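Q: Before I ask anything, let me first share the structure, which is written out below as structure tokens.
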Amino acid sequence: LPETAYSYIVVLVKDLTSNEWQSGNATAFEALFQQYKNLVFKNAYLITGSREEAEDILQEVFVSVWRSRQTFNPDKGKLTTWLYRITVNKCLEKQRKKKLIFVSLEKVDLPQTQSSEEVLVNKQECERLIEAMNSLNTKHRVVLVMRYFNYLSYEEIAQTVGAPLGTVKSRINQALRLLRGQFNTQRGEAPR
Amino acid sequence: MKCKDINKLLSAYLDEEVNPAERKLIEDHLLTCDKCRGELRLIASTREELRQALSTKADGVEPPIQAWNSTRQRIESKSSFWEQFSGILKKPVWLTATSVVLVLIVFGALWGTGVLPDSALSPEKVLAKAQTAILTVQSYRASGYYNPSVIRTQWEFTGDRYHSVNSVTYGDGSEMIFIGEQIYLKGYNSTTASIEDMQAETPSAKMTQEHLNMLTAIEVLPEENIDGIVCFHYRGQVDNEQYFERYLQPILEKAYYDSFIKMNETRERKFTEEEIIENVKKIIASAKEKDKNKEYNVKTWEFWIGKDDYIIRQWEHFLNGWSSWIVKYFDFNVPISIEAPLDAEGNLLPGWTSMTERSFPELSQ
């Protein structure tokens with residue numbers, strides 16, 4: 001079979017089946033899973049900081065997607081935004097279940113000034129920054145991951161987390177400051 | 001604006017998420033405020049470091065290979081037909097466990113005492129009788145739905161005619177009447193369904209008979225009551241290859257054949273009829289091979305067969321592991337009339353379209 005003809009058919013069939021998963025086609029749903037599993041998994045991993053939880057969330061997200069597949073309307077929003085939203089909700093649900101003790105604003109001294117620019121030079125530093133991020137509460141981690149990993153706009157983040165734009169703006173600002181404070185604390189530096 | 005207000009906007013400023021007025025305020029302020037400039041640098045470096053850290057952390061992290069299987073199993077376990085009775089199942093675990101133990105004890109005590117029915121009839125014999133019983137049913141009704149969704153369909157059958165009404169599948173209240181080669185449709189969107197799909201989804205007695213013939217590895221399950229009739233209850237596996245040939249192959253053949261014809265419209269050198277058939281055959285062979293090797297590709301059927309008359313009262317087909325199709329039969333041999341939706345002059349009634357079953361070249365030979 002000529003390759004061009006085959007790819008043409010693939011495109012045709014793909015086009016015919018693009019929304020098939022919504023009508024309950026199992027194969028199409030599996031394809032959807034394969035296409036987006038990394039996106040969901042990586043986000044869940046970064047938000048929760050745990051591979052095990054991310055695995056669990058990945059499953060929960062796709063169970064939800066399958067069960068509410070008829071409610072997704074591609075005309076009203078992007079599939080990825082919907083997936084982010086479900087992922088975030090699952091992460092928050094997990095956190096509620098665990099009854100995490102939040103690191104509240106009052107507990108962390110906010111950095112005031114900085115003497116010199118610091119650039120992360122190695123993996124160890126990255127690890128420590130992630131560790132610092134993991135000590136923030138889930139709501140803060142969510143906005144940081146959405147913005148600085150997925151590069152979503154504030155508007156998209158607002159849709160994803162179901163919060164007003166103003167809240168997103170201040171939450172990101174707050175999260176970055178908390179993160180810096182936590183990072184410095186972990187480094188044993190006096191918070192500046 | 002005070003430093004405090006400016007500070008609140010700095011990350012949005014760096015993310016280019018401030019409006020022009022805010023931007024101007026911030027930039028004007030930064031020109032004159034060392035402290036806020038320092039703060040800006042601090043936030044900027046934190047952002048950069050975080051970007052780098054997040055991307056490094058997520059790099060190469062992937063869900064485990066079995067993620068799909070685990071997810072599928074989870075969907076499967078959450079979407080059983082009996083989920084609608086989950087209220088009952090949500091009783092405390094100890095209660096359920098106790099009931100199970102009690103039933104087992106009672107069952108154990110009665111076993112071999114003659115109180116329990118002797119299951120002398122092998123499933124093979126029952127299935128053979130069911131095959132004969134199907135032939136005695138001339139007209140019947142059926143209702144079915146796909147689980148876990150809300151798609152419901154009602155059918156009535158008499159002779160070679162049938163009539164179906166869908167609740168959701170292809171549009172609310174869509175109807176289809178098959179009379180011989182003539183098909184009448186109402187409310188169908190041609191882009192969502194093909195005649196082949198619709199036929200494959202018609203649980204006629206003929207289809208049921210075919211299913212019975214494809215069953216292997218039959219298990220006997222506890223008898224159950226369907227609409228007041230005690231029924232034998234069996235579970236079997238459908239032979240994948242047979243299933244593919246019977247249900248998938250015809251649909252795929254026609255779809256691929258059509259796509260080649262469509263391709264020819266834009267090609268300089270057109271595929272000949274022979275080439276098309278040859279190519280479609282190749283694609284089908286590869287699809288068949290793939291279908292065979294799908295790890296979860298086990299199609300399970302459950303049947304409920306009336307103990308007295310061997311008429312099939314219900315079946316449930318578990319498709320690809322977690323979704324299922326449940327069909328229940330009733331109104332056996334009651335008078336059912338199915339007529340073409342035509343007025344006295346032979347014109348189609350409003351909303352109806354008609355077509356003749358399309359013919360395609362025989363590819364499977």
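Simple scheme: letters A, B, ... for chains in structure tokens order, numbers from 1 for residues in each chain, numbers from 1 for ligands in the order shown.
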Quick one: which chain B residues come within 6 Å of chain A, and what is the nearest atom pair for each with the distance in Å to one decimal, counting only C-alpha atoms, rows ordered by chain and ascending number, as a tab-separated table?
A:
```
residue	atom	partner	partner_atom	distance
B:Ser11	CA	A:Asn173	CA	5.3
B:Gly38	CA	A:Thr113	CA	5.9
B:Glu39	CA	A:Thr113	CA	5.7
B:Leu42	CA	A:Gln114	CA	6.0
B:Glu49	CA	A:Leu120	CA	5.9
B:Arg51	CA	A:Tyr148	CA	5.2
B:Ala53	CA	A:Cys126	CA	4.5
B:Ala58	CA	A:Lys42	CA	5.9
B:Thr71	CA	A:Gln59	CA	4.8
B:Ile75	CA	A:Val63	CA	5.5
```
Q: Please save N, CA and C atoms of the selected residues as a PDB file, in the first residue's frame.
A:
```pdb
ATOM      1  N   SER B  11       4.514  40.129  39.954  1.00  0.00           N
ATOM      2  CA  SER B  11       4.560  38.868  39.199  1.00  0.00           C
ATOM      3  C   SER B  11       3.680  38.962  37.954  1.00  0.00           C
ATOM      4  N   GLY B  38      14.589  45.864  43.469  1.00  0.00           N
ATOM      5  CA  GLY B  38      15.186  44.661  44.075  1.00  0.00           C
ATOM      6  C   GLY B  38      14.167  43.540  44.161  1.00  0.00           C
ATOM      7  N   GLU B  39      12.990  43.909  44.559  1.00  0.00           N
ATOM      8  CA  GLU B  39      11.897  42.952  44.687  1.00  0.00           C
ATOM      9  C   GLU B  39      11.572  42.318  43.320  1.00  0.00           C
ATOM     10  N   LEU B  42      14.107  39.827  42.384  1.00  0.00           N
ATOM     11  CA  LEU B  42      13.912  38.634  43.206  1.00  0.00           C
ATOM     12  C   LEU B  42      12.802  37.728  42.642  1.00  0.00           C
ATOM     13  N   GLU B  49      13.885  30.313  38.026  1.00  0.00           N
ATOM     14  CA  GLU B  49      14.360  29.103  38.699  1.00  0.00           C
ATOM     15  C   GLU B  49      13.249  28.061  38.789  1.00  0.00           C
ATOM     16  N   ARG B  51      10.646  27.750  36.781  1.00  0.00           N
ATOM     17  CA  ARG B  51      10.427  27.187  35.441  1.00  0.00           C
ATOM     18  C   ARG B  51      11.402  26.062  35.172  1.00  0.00           C
ATOM     19  N   ALA B  53      13.200  24.430  37.336  1.00  0.00           N
ATOM     20  CA  ALA B  53      13.049  23.310  38.270  1.00  0.00           C
ATOM     21  C   ALA B  53      11.870  22.431  37.890  1.00  0.00           C
ATOM     22  N   ALA B  58       9.903  17.387  35.853  1.00  0.00           N
ATOM     23  CA  ALA B  58       8.916  16.621  35.084  1.00  0.00           C
ATOM     24  C   ALA B  58       9.541  15.876  33.914  1.00  0.00           C
ATOM     25  N   THR B  71      -6.444   2.016  34.842  1.00  0.00           N
ATOM     26  CA  THR B  71      -7.550   2.959  34.673  1.00  0.00           C
ATOM     27  C   THR B  71      -8.787   2.242  34.134  1.00  0.00           C
ATOM     28  N   ILE B  75     -12.470   1.933  35.764  1.00  0.00           N
ATOM     29  CA  ILE B  75     -13.715   2.332  35.092  1.00  0.00           C
ATOM     30  C   ILE B  75     -14.676   1.146  35.104  1.00  0.00           C
TER      31      ILE B  75
END
```
Q: Let's see if you can do this: from backbone DSSP, list all strand (DSSP E) residues in range 159-280 of chain B, as number ranges by chain.
A: B: 161-166, 175-179, 182-186, 215-226, 229-238
Q: Between CA of Ile179 in chain B and CA of Ser139 in chain B, what is the distance in Å, rounded to a tenth?
A: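 For CA of Ile179 in chain B relative to CA of Ser139 in chain B, the distance reads 14.2 Å.
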Q: So how far away is CA of Gln182 in chain B from CA of Arg161 in chain B, in Å?
A: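 Rounded to one decimal, the two atoms are 9.8 Å apart.
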Q: Restricting the calculation to only C-alpha atoms, which member of B:Ser259, B:Thr132, B:Thr266, B:Asn240 is positioned closest to Lys288 in chain B?
A: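 Between B:Ser259, B:Thr132, B:Thr266, B:Asn240, the residue approaching Lys288 in chain B most closely is B:Asn240.
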Q: Please provide the set of residues having any atom within 8 Å of Asp160 in chain B, restricted to only C-alpha atoms, with same-chain residues fewer than 2 positions apart removed, written as a PyMOL selection string.
A: chain B and resi 157-158+162+179-180
Q: In terms of the shortest atom-to-atom distance over only C-alpha atoms, which of B:Pro335, B:Asp258, B:Arg235, B:Gly346 is closest to Phe318 in chain B?
A: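 When distances to Phe318 in chain B are compared using only C-alpha atoms, the smallest one comes from B:Arg235.
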